[in-house]
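Below: one structure, written as structure tokens.
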Amino acid sequence: MRIDLFSIFPEYFAPVGLSLLGKADDAGLVDLRVHDLRDWTHDRHRTVDDTPFGGGAGMVMMPSVWGEAIDEVVAEASASGEEGRRVLAIPTPSGTPLTQRMAEDLARCSHLLVACGRYEGIDQRVADHYREAGLEVLEYSIGDYVLNGGEAAALVLVEAVTRLLDGFMGNPESIVEESHSNGLLEYPAYTKPRTWRGLEVPEVLLGGDHARIARWRRDRSLERTA
Ligand code: SAM
């Protein structure tokens, strides 16, 4: 999967080089590219925002700079043979709440572009224009609170989606029983030592009776979900 992240703070994405995501990038499973939105500006101050029509506080990110950035990257990706499903994801607190089902769906696309807003957000015409032009546009929220910018929300999306790609997890079993994968929250997990600060690991997990362990885990899952 190819992923293009656009931001005025590209340094924010340093963590994508870490952990499993970094390995997936190195292994070619994910082709992750970070762009500085200001590279598509044309003035000395590299301006990306302007005052809102209608008045009000704050600044709005201009559609012109976003349009140039997205057009160029989409054209380049198409020219390099990137032909599968393409999605433009725009984090915004007014978007559709991100769920595991959405992450599973996005894991099936071949090109994901994430446009990170700052200030009061991105001029609405960016989402409207690309939707009208036939690009799949997803305005999504990571929760009912407001962040300063879309970068953290982009990292959340990228992590939720990429871990579902075939070959991403060392052990693919680990995503089968996970919370939100099958409608149930996962059961509690324990490791060594058997006793920690007076707290014991549940006895059933120590006996090796796999049917009993499975039943116990299912009960705990149901309990947590309820
Ligand atoms: N004025 C906007 C509003 O009230 O809906 C908030 C803009 S916010 C300060 C700046 C940027 O942060 C947004 O454009 C978006 O990219 C990102 N952002 C903030 N909260 C978010 C959330 N809950 N989910 C996804 N993105 C968020």
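We label chains A, B, ... in the order they appear in the structure tokens, count residues from 1 in each chain, and number ligands from 1 in the order shown.
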**Q.** Within 9 Å of Tyr130 in chain A using only C-alpha atoms, minus same-chain residues under 5 positions, as a ChimeraX atom specification
**A.** /A:67,88,125,135-137
Q | At most 7 Å from ligand 1 (only C-alpha atoms and all ligand atoms): residue list as a list in words | A |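 Residues satisfying the distance criterion: Ile90, Pro91, Thr92, Pro93, Ser94, Cys116, Gly117, Arg118, Tyr119, Glu120, Gly121, Ile122, Tyr140, Ser141, Ile142, Gly143, Asp144, Tyr145, Val146, Leu147, Asn148, Gly149, Gly150 and Ala153 of chain A.
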Q) Can you list every residue in range 40-160 of chain A that DSSP puts in strand (DSSP E), as a list in words? A)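 Residues meeting the strand (DSSP E) criterion: Asp49, Asp50, Val60, Met61, Arg86, Val87, Leu88, Ala89, Ile90, Pro91, Thr92, Pro93, Ser94, Gly95, Thr96, Pro97, His111, Leu112, Leu113, Val114, Ala115, Glu136, Val137, Leu138, Glu139, Tyr140 and Ser141 of chain A.
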(Q) For range 178-184 of chain A, find every residue with an atom within 8 Å (counting only C-alpha atoms), except residues of its own chain fewer than 5 positions away, and show them as a list of chain:residue names. (A)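 Counting only C-alpha atoms, the residues come to A:Gln100, A:Ser221, A:Leu222, A:Thr225.
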Q | Which of A:Leu138, A:Ala89, A:Ala160, A:Val60 sits closest to Ala103 in chain A [using only C-alpha atoms] | A | A:Ala160
(Q) If we count only C-alpha atoms and set the cut-off at 12 Å, which residues sit around range 16-18 of chain A, ignoring sequence neighbours fewer than 4 positions away in its own chain? Please answer as a list of chain:residue names. (A) A:Ile3, A:Asp4, A:Leu5, A:Pro10, A:Glu11, A:Tyr12, A:Gly22, A:Lys23, A:Ala24, A:Asp25, A:Asp26, A:Ala27, A:Val30, A:Asp31, A:Leu32, A:Arg33, A:Val34, A:Glu151, A:Ala152, A:Ala154, A:Leu155, A:Val156, A:Leu157, A:Val158, A:Glu159, A:Thr162
Q) Hey, which of A:Ile213, A:Ile70, A:Met169, A:Glu82 ends up closest to Ala115 in chain A? Count only C-alpha atoms. A)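 Answer, going by the shortest atom-to-atom distance: A:Ile70.
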Shell of 12 Å around Lys192 in chain A, only C-alpha atoms, local chain residues under 2 positions omitted, as a PDB file with C-alpha atoms, in the first residue's frame:
ATOM      1  CA  ALA A 189      -3.950 -10.783  29.304  1.00  0.00           C
ATOM      2  CA  TYR A 190      -1.351 -11.893  31.882  1.00  0.00           C
ATOM      3  CA  ARG A 194       2.523 -15.522  38.620  1.00  0.00           C
ATOM      4  CA  THR A 195       2.270 -13.201  41.625  1.00  0.00           C
ATOM      5  CA  TRP A 196       2.882  -9.463  41.355  1.00  0.00           C
ATOM      6  CA  LEU A 199      -2.076 -10.027  42.659  1.00  0.00           C
ATOM      7  CA  GLU A 200      -2.357 -13.545  41.236  1.00  0.00           C
ATOM      8  CA  VAL A 201      -2.749 -14.649  37.623  1.00  0.00           C
ATOM      9  CA  PRO A 202      -6.187 -16.345  37.358  1.00  0.00           C
ATOM     10  CA  LEU A 205      -4.715 -19.881  32.882  1.00  0.00           C
ATOM     11  CA  LEU A 206      -2.067 -21.957  34.649  1.00  0.00           C
TER      12      LEU A 206
END
Q) CA of Met59 in chain A to CA of Ile8 in chain A: how many Å, to one decimal? A)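 Going from CA of Met59 in chain A over to CA of Ile8 in chain A covers 14.1 Å.
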(Q) For the structure I just gave you, how does DSSP split range 78-214 of chain A - specifically, which residues are helix (DSSP H, G or I)? Reply as a PyMOL selection string. (A) chain A and resi 78-79+100-106+125-132+151-162+172-175+203-206+210-214
Q. Any idea what the distance is between CA of Thr99 in chain A and CA of Arg2 in chain A?
A.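 Spanning CA of Thr99 in chain A to CA of Arg2 in chain A is a straight-line distance of 20.9 Å.
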Q: Between A:Glu223, A:Glu68, A:Gly54, A:Pro188, single out the one closest to His42 in chain A, counting only C-alpha atoms.
A: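 Among the listed residues, A:Glu68 lies closest to His42 in chain A.
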**Q.** CA of Asp43 in chain A to CA of Val87 in chain A, distance in Å rounded to a single decimal
**A.**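 Atom-to-atom, CA of Asp43 in chain A and CA of Val87 in chain A are spaced 29.4 Å apart.
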